[in-house]
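Visitor: Before we start, here is the structure in question, set down as structure tokens.
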Amino acid sequence: MTEKLHLATQLIHEEQRFDTVGGKTIKTINPAMYTGSTVLFDNCEDLRLANAGEYPGIVYGTDRLPPQRSFEKKMEELEGSALTRAFPSGISAIINTLLTFTSSGDHVLICDNVYGPTAAFCSKILSKYDVAIDFLPPDIGSDIVQYLQPNTRLIYLESPGSNTFELQDIPAITKQATKRDIITVVDNTWATPLFLNPFALGVDIIIQSVTKYISGHSDVLLGTVSVNQRYAEEFDNFYQVMETFAPPQDCYLALRGLKTLPVRLAYHQQAALEVAQWLEQQPSVERVLHPALPSHPQHHLWQRDFSGSSGLFAFLVHKKWEGPLLPQFVDNLDLFGIGYSWGGYKSLVTIGSSNRRKQGNYANRTIIRLNIGLEDPGDLINDLKKGFMVFQ
């Protein structure tokens with residue numbers, strides 16, 4: 001087959017490793033599962049090569065077993081990275097990235113709408129090692145120059161950001177960073193590689209919380225770091241020393257999730273937009289925070305940089321309704337589970353304040369965040385109607 005396959009087809013058809021039993025090759029649709037700590041060598045020469053760091057095969061259970069390697073290879077193709085490594089969770093991927101590329105005396109800029117544990121690690125742990133941390137406005141762009149210092153080493157972005165969904169002007173930021181040899185990192189979990197290509201916007205490193213859309217079934221904790229050619233060797237060396245391998249079962253499930261990612265994400269997008277547009281018409285709703293809506297403050301950036309939108313967004317009710325009625329609103333819902341995380345097939349809801357260090361548009365406001373799953377959007381809208389009855 002010489003013609004180039006579409007992405008959905010590429011994700012389903014991959015190279016497979018087959019075992020032989022009784023002289024016959026075992027061919028299954030899904031790849032084989034390997035687990036274990038000890039890996040046996042064929043002879044003492046292989047052991048010698050392993051001790052010298054020259055063995056071409058797998059030397060131990062932490063040395064990226066086949067399910068992990070298969071998943072990383074597929075993610076490299078999807079991201080367009082020089083190197084991708086999997087980690088036991090999204091926050092593990094984030095922490096290892098920050099530890100790889102920062103040292104004592106460095107200055108790091110964190111966009112002030114990132115995943116809460118990312119900000120907590122920087123403020124509470126990384127800062128203890130004499131790494132200076134400053135937070136950026138969540139809608140930062142070319143004005144990032146006023147925050148740069150001579151020792152700025154890394155800029156960490158999340159676009160759109162957790163809970164409040166502001167977008168950064170990524171090309172404007174990477175343009176300034178490239179001039180000064182500053183590393184740029186983007187958490188691209190919301191858009192996935194299907195709807196945003198950060199490398200094309202000048203970003204150096206991409207984080208994915210595979211727990212979310214890539215696995216898609218709320219049964220995996222996994223993260224990936226994808227690195228461009230310039231920083232691939234440095235990151236791989238750090239990874240080998242840390243031996244922070246990913247569980248083979250979770251990598252296997254993530255590979256399974258990749259097969260249906262285009263279909264699932266297309267449905268998440270359509271259903272979420274239908275619910276979001278309906279919410280904009282409700283008298284109790286003050287604002288819907290969804291980048292694909294024309295009402296979003298950075299909608300023009302979404303139109304320019306993204307090719308689609310996912311199923312996660314938020315909204316605010318009018319201030320007079322914030323208070324005791326909001327928990328009642330949530331408790332009235334039957335189809336929306338109350339729980340953290342997102343990207344799975346079941347719709348979820350959380351409420352809380354934005355807790356930002358920079359005073360933004362939503363300071364001291366309560367954000368209602370919805371993960372629109374794979375249910376029928378009409379059923380979800382009817383469920384939300386029951387919730388809104390508390391405001392009548």
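Chain lettering (A, B, ...) mirrors the order of the structure tokens, residue numbering begins at 1 for each chain separately, and ligand numbering begins at 1 in order of display.
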Residues within 9 Å of Pro291 (chain A), please, as a PDB file with all heavy atoms, in the first residue's frame. Count only C-alpha atoms; anything in the same chain fewer than 5 positions from it doesn't count.

Guide:
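As a result, out24.pdb now contains:
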```pdb
ATOM      1  N   PRO A 160      -6.120  25.736  26.215  1.00  0.00           N
ATOM      2  CA  PRO A 160      -6.709  26.547  27.286  1.00  0.00           C
ATOM      3  C   PRO A 160      -6.366  25.993  28.661  1.00  0.00           C
ATOM      4  O   PRO A 160      -6.050  24.817  28.805  1.00  0.00           O
ATOM      5  CB  PRO A 160      -8.205  26.453  27.013  1.00  0.00           C
ATOM      6  CG  PRO A 160      -8.379  25.135  26.327  1.00  0.00           C
ATOM      7  CD  PRO A 160      -7.150  24.945  25.500  1.00  0.00           C
ATOM      8  N   PHE A 165     -10.171  28.400  31.277  1.00  0.00           N
ATOM      9  CA  PHE A 165     -10.129  28.212  29.831  1.00  0.00           C
ATOM     10  C   PHE A 165      -9.623  29.411  29.028  1.00  0.00           C
ATOM     11  O   PHE A 165     -10.010  29.602  27.873  1.00  0.00           O
ATOM     12  CB  PHE A 165     -11.509  27.768  29.325  1.00  0.00           C
ATOM     13  CG  PHE A 165     -11.917  26.438  29.902  1.00  0.00           C
ATOM     14  CD1 PHE A 165     -12.664  26.394  31.076  1.00  0.00           C
ATOM     15  CD2 PHE A 165     -11.525  25.266  29.323  1.00  0.00           C
ATOM     16  CE1 PHE A 165     -13.009  25.179  31.642  1.00  0.00           C
ATOM     17  CE2 PHE A 165     -11.866  24.045  29.884  1.00  0.00           C
ATOM     18  CZ  PHE A 165     -12.608  23.992  31.048  1.00  0.00           C
ATOM     19  N   GLU A 166      -8.726  30.211  29.622  1.00  0.00           N
ATOM     20  CA  GLU A 166      -8.080  31.250  28.824  1.00  0.00           C
ATOM     21  C   GLU A 166      -7.061  30.606  27.877  1.00  0.00           C
ATOM     22  O   GLU A 166      -6.468  29.582  28.175  1.00  0.00           O
ATOM     23  CB  GLU A 166      -7.351  32.256  29.715  1.00  0.00           C
ATOM     24  CG  GLU A 166      -8.246  33.012  30.674  1.00  0.00           C
ATOM     25  CD  GLU A 166      -8.307  32.372  32.045  1.00  0.00           C
ATOM     26  OE1 GLU A 166      -7.883  31.192  32.166  1.00  0.00           O
ATOM     27  OE2 GLU A 166      -8.762  33.031  32.988  1.00  0.00           O
ATOM     28  N   LEU A 167      -6.861  31.263  26.737  1.00  0.00           N
ATOM     29  CA  LEU A 167      -5.845  30.831  25.784  1.00  0.00           C
ATOM     30  C   LEU A 167      -4.661  31.783  25.836  1.00  0.00           C
ATOM     31  O   LEU A 167      -4.829  32.990  26.045  1.00  0.00           O
ATOM     32  CB  LEU A 167      -6.400  30.820  24.358  1.00  0.00           C
ATOM     33  CG  LEU A 167      -7.565  29.881  24.051  1.00  0.00           C
ATOM     34  CD1 LEU A 167      -7.984  30.049  22.604  1.00  0.00           C
ATOM     35  CD2 LEU A 167      -7.194  28.444  24.323  1.00  0.00           C
ATOM     36  N   HIS A 296     -16.149  33.764  23.541  1.00  0.00           N
ATOM     37  CA  HIS A 296     -14.936  33.582  24.339  1.00  0.00           C
ATOM     38  C   HIS A 296     -13.940  34.700  24.040  1.00  0.00           C
ATOM     39  O   HIS A 296     -13.734  35.064  22.869  1.00  0.00           O
ATOM     40  CB  HIS A 296     -14.307  32.224  24.035  1.00  0.00           C
ATOM     41  CG  HIS A 296     -13.197  31.856  24.959  1.00  0.00           C
ATOM     42  ND1 HIS A 296     -11.895  32.302  24.770  1.00  0.00           N
ATOM     43  CD2 HIS A 296     -13.186  31.097  26.077  1.00  0.00           C
ATOM     44  CE1 HIS A 296     -11.135  31.817  25.751  1.00  0.00           C
ATOM     45  NE2 HIS A 296     -11.891  31.086  26.547  1.00  0.00           N
ATOM     46  N   PRO A 297     -13.284  35.270  25.073  1.00  0.00           N
ATOM     47  CA  PRO A 297     -12.383  36.415  24.851  1.00  0.00           C
ATOM     48  C   PRO A 297     -11.220  36.134  23.900  1.00  0.00           C
ATOM     49  O   PRO A 297     -10.746  37.046  23.228  1.00  0.00           O
ATOM     50  CB  PRO A 297     -11.860  36.717  26.268  1.00  0.00           C
ATOM     51  CG  PRO A 297     -12.888  36.167  27.187  1.00  0.00           C
ATOM     52  CD  PRO A 297     -13.452  34.965  26.504  1.00  0.00           C
ATOM     53  N   GLN A 298     -10.760  34.886  23.843  1.00  0.00           N
ATOM     54  CA  GLN A 298      -9.646  34.546  22.934  1.00  0.00           C
ATOM     55  C   GLN A 298     -10.109  33.632  21.799  1.00  0.00           C
ATOM     56  O   GLN A 298      -9.317  32.826  21.283  1.00  0.00           O
ATOM     57  CB  GLN A 298      -8.501  33.885  23.698  1.00  0.00           C
ATOM     58  CG  GLN A 298      -7.761  34.793  24.661  1.00  0.00           C
ATOM     59  CD  GLN A 298      -8.377  34.758  26.044  1.00  0.00           C
ATOM     60  OE1 GLN A 298      -8.701  33.704  26.568  1.00  0.00           O
ATOM     61  NE2 GLN A 298      -8.545  35.927  26.641  1.00  0.00           N
ATOM     62  N   HIS A 299     -11.347  33.770  21.416  1.00  0.00           N
ATOM     63  CA  HIS A 299     -11.875  32.908  20.347  1.00  0.00           C
ATOM     64  C   HIS A 299     -11.046  33.033  19.072  1.00  0.00           C
ATOM     65  O   HIS A 299     -10.855  32.044  18.344  1.00  0.00           O
ATOM     66  CB  HIS A 299     -13.335  33.278  20.068  1.00  0.00           C
ATOM     67  CG  HIS A 299     -13.956  32.496  18.950  1.00  0.00           C
ATOM     68  ND1 HIS A 299     -14.189  31.144  19.025  1.00  0.00           N
ATOM     69  CD2 HIS A 299     -14.387  32.894  17.703  1.00  0.00           C
ATOM     70  CE1 HIS A 299     -14.745  30.723  17.892  1.00  0.00           C
ATOM     71  NE2 HIS A 299     -14.873  31.762  17.082  1.00  0.00           N
ATOM     72  N   HIS A 300     -10.531  34.235  18.801  1.00  0.00           N
ATOM     73  CA  HIS A 300      -9.737  34.440  17.582  1.00  0.00           C
ATOM     74  C   HIS A 300      -8.466  33.598  17.602  1.00  0.00           C
ATOM     75  O   HIS A 300      -7.999  33.141  16.544  1.00  0.00           O
ATOM     76  CB  HIS A 300      -9.407  35.924  17.410  1.00  0.00           C
ATOM     77  CG  HIS A 300      -8.567  36.501  18.519  1.00  0.00           C
ATOM     78  ND1 HIS A 300      -9.062  36.710  19.805  1.00  0.00           N
ATOM     79  CD2 HIS A 300      -7.265  36.888  18.559  1.00  0.00           C
ATOM     80  CE1 HIS A 300      -8.117  37.225  20.565  1.00  0.00           C
ATOM     81  NE2 HIS A 300      -7.020  37.325  19.847  1.00  0.00           N
ATOM     82  N   LEU A 301      -7.886  33.389  18.793  1.00  0.00           N
ATOM     83  CA  LEU A 301      -6.700  32.542  18.892  1.00  0.00           C
ATOM     84  C   LEU A 301      -7.071  31.079  18.662  1.00  0.00           C
ATOM     85  O   LEU A 301      -6.303  30.330  18.032  1.00  0.00           O
ATOM     86  CB  LEU A 301      -6.035  32.703  20.262  1.00  0.00           C
ATOM     87  CG  LEU A 301      -5.470  34.086  20.582  1.00  0.00           C
ATOM     88  CD1 LEU A 301      -4.855  34.085  21.978  1.00  0.00           C
ATOM     89  CD2 LEU A 301      -4.424  34.489  19.540  1.00  0.00           C
ATOM     90  N   TRP A 302      -8.231  30.684  19.176  1.00  0.00           N
ATOM     91  CA  TRP A 302      -8.681  29.312  18.940  1.00  0.00           C
ATOM     92  C   TRP A 302      -8.891  29.084  17.441  1.00  0.00           C
ATOM     93  O   TRP A 302      -8.471  28.055  16.897  1.00  0.00           O
ATOM     94  CB  TRP A 302      -9.985  29.047  19.705  1.00  0.00           C
ATOM     95  CG  TRP A 302     -10.515  27.667  19.420  1.00  0.00           C
ATOM     96  CD1 TRP A 302     -10.145  26.494  20.001  1.00  0.00           C
ATOM     97  CD2 TRP A 302     -11.508  27.330  18.432  1.00  0.00           C
ATOM     98  NE1 TRP A 302     -10.845  25.441  19.456  1.00  0.00           N
ATOM     99  CE2 TRP A 302     -11.685  25.925  18.494  1.00  0.00           C
ATOM    100  CE3 TRP A 302     -12.261  28.078  17.523  1.00  0.00           C
ATOM    101  CZ2 TRP A 302     -12.586  25.260  17.666  1.00  0.00           C
ATOM    102  CZ3 TRP A 302     -13.158  27.407  16.703  1.00  0.00           C
ATOM    103  CH2 TRP A 302     -13.305  26.018  16.777  1.00  0.00           C
ATOM    104  N   GLN A 303      -9.500  30.028  16.772  1.00  0.00           N
ATOM    105  CA  GLN A 303      -9.729  29.894  15.334  1.00  0.00           C
ATOM    106  C   GLN A 303      -8.410  29.797  14.566  1.00  0.00           C
ATOM    107  O   GLN A 303      -8.310  29.050  13.590  1.00  0.00           O
ATOM    108  CB  GLN A 303     -10.529  31.085  14.809  1.00  0.00           C
ATOM    109  CG  GLN A 303     -11.997  31.081  15.189  1.00  0.00           C
ATOM    110  CD  GLN A 303     -12.734  32.246  14.574  1.00  0.00           C
ATOM    111  OE1 GLN A 303     -12.343  33.408  14.741  1.00  0.00           O
ATOM    112  NE2 GLN A 303     -13.803  31.954  13.851  1.00  0.00           N
ATOM    113  N   SER A 309     -12.288  21.369  19.003  1.00  0.00           N
ATOM    114  CA  SER A 309     -12.422  21.587  20.440  1.00  0.00           C
ATOM    115  C   SER A 309     -12.873  20.295  21.098  1.00  0.00           C
ATOM    116  O   SER A 309     -13.464  19.426  20.450  1.00  0.00           O
ATOM    117  CB  SER A 309     -13.416  22.709  20.737  1.00  0.00           C
ATOM    118  OG  SER A 309     -14.705  22.383  20.234  1.00  0.00           O
ATOM    119  N   PHE A 313     -15.488  22.245  29.322  1.00  0.00           N
ATOM    120  CA  PHE A 313     -15.653  23.695  29.389  1.00  0.00           C
ATOM    121  C   PHE A 313     -16.326  24.038  30.714  1.00  0.00           C
ATOM    122  O   PHE A 313     -16.590  23.158  31.542  1.00  0.00           O
ATOM    123  CB  PHE A 313     -16.482  24.210  28.200  1.00  0.00           C
ATOM    124  CG  PHE A 313     -17.923  23.772  28.208  1.00  0.00           C
ATOM    125  CD1 PHE A 313     -18.914  24.573  28.749  1.00  0.00           C
ATOM    126  CD2 PHE A 313     -18.288  22.544  27.672  1.00  0.00           C
ATOM    127  CE1 PHE A 313     -20.248  24.171  28.767  1.00  0.00           C
ATOM    128  CE2 PHE A 313     -19.617  22.139  27.681  1.00  0.00           C
ATOM    129  CZ  PHE A 313     -20.594  22.949  28.231  1.00  0.00           C
TER     130      PHE A 313
END
```

Visitor: Hey, what does DSSP flag as alpha helix (DSSP H) within region 85-237 of chain A? Can you give it to me as a ChimeraX atom specification?

Guide: /A:90-101,116-124,170-179,192-195,229-237

Visitor: Enumerate, in order of chain and increasing residue number, the residues of region 236-301 of chain A with an atom no farther than 10 Å from region 336-346 of chain A, each with its shortest atom pair and distance in Å to one decimal, counting only C-alpha atoms, as CSV.

Guide:
```
residue,atom,partner,partner_atom,distance
A:Arg264,CA,A:Tyr345,CA,8.4
A:Leu265,CA,A:Gly343,CA,8.9
A:His268,CA,A:Gly343,CA,8.6
```

Visitor: Excluding Arg230 (chain A) and its own-chain neighbours fewer than 5 positions away, which residues fall within 12 Å of it when counting only C-alpha atoms? Please give them as a compact mmCIF listing (two decimals) with C-alpha atoms, in the first residue's frame.

Guide:
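The new file selection37.txt reads:
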```txt
# COMPACT_ATOMS: atom_id res chain seq x y z
CA SER A 81 8.15 14.39 18.27
CA ALA A 82 11.76 13.29 18.22
CA LEU A 83 11.19 11.41 21.47
CA ASP A 181 17.09 30.37 24.24
CA ILE A 183 12.52 26.33 26.75
CA VAL A 203 6.93 24.86 21.33
CA ASP A 204 9.79 22.62 22.50
CA ILE A 205 8.01 20.13 24.78
CA PHE A 235 15.47 14.28 28.35
CA ASP A 236 16.21 10.66 27.48
```

Visitor: Quick one: residues within 12 Å of Asp19 (chain A), only C-alpha atoms, excluding same-chain residues fewer than 5 positions away - as a PyMOL selection string?

Guide: chain A and resi 24-28+31-34

Visitor: Pull the strand (DSSP E) assignments for region 62-238 of chain A out of DSSP run on the backbone, and list those residues as an MDAnalysis selection string.

Guide: chainID A and resid 83:87 107:111 132:136 152:158 183:187 205:209 223:227

Visitor: Suppose you want the space between CA of Ile372 (chain A) and CA of Ser347 (chain A); what is it in Å?

Guide: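 Separation of CA of Ile372 (chain A) and CA of Ser347 (chain A): 4.7 Å.
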
Visitor: Could you name the residues that touch Gln249 (chain A) at 8 Å or less, counting only C-alpha atoms, but leaving out those on the same chain fewer than 3 positions away, as a compact mmCIF listing (two decimals) with C-alpha atoms, in the first residue's frame?

Guide:
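New file around31.txt:
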```txt
# COMPACT_ATOMS: atom_id res chain seq x y z
CA MET A 33 1.07 -7.92 27.05
CA PRO A 67 3.64 -2.25 25.72
CA TYR A 252 -1.80 -1.35 26.80
CA LEU A 253 -5.08 0.38 27.67
```

Visitor: Quick one: of A:Ile207, A:Thr102, A:Phe41, A:Tyr147, who's nearest to Asp130 (chain A), counting only C-alpha atoms?

Guide: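 Smallest distance to Asp130 (chain A) is found for A:Thr102.
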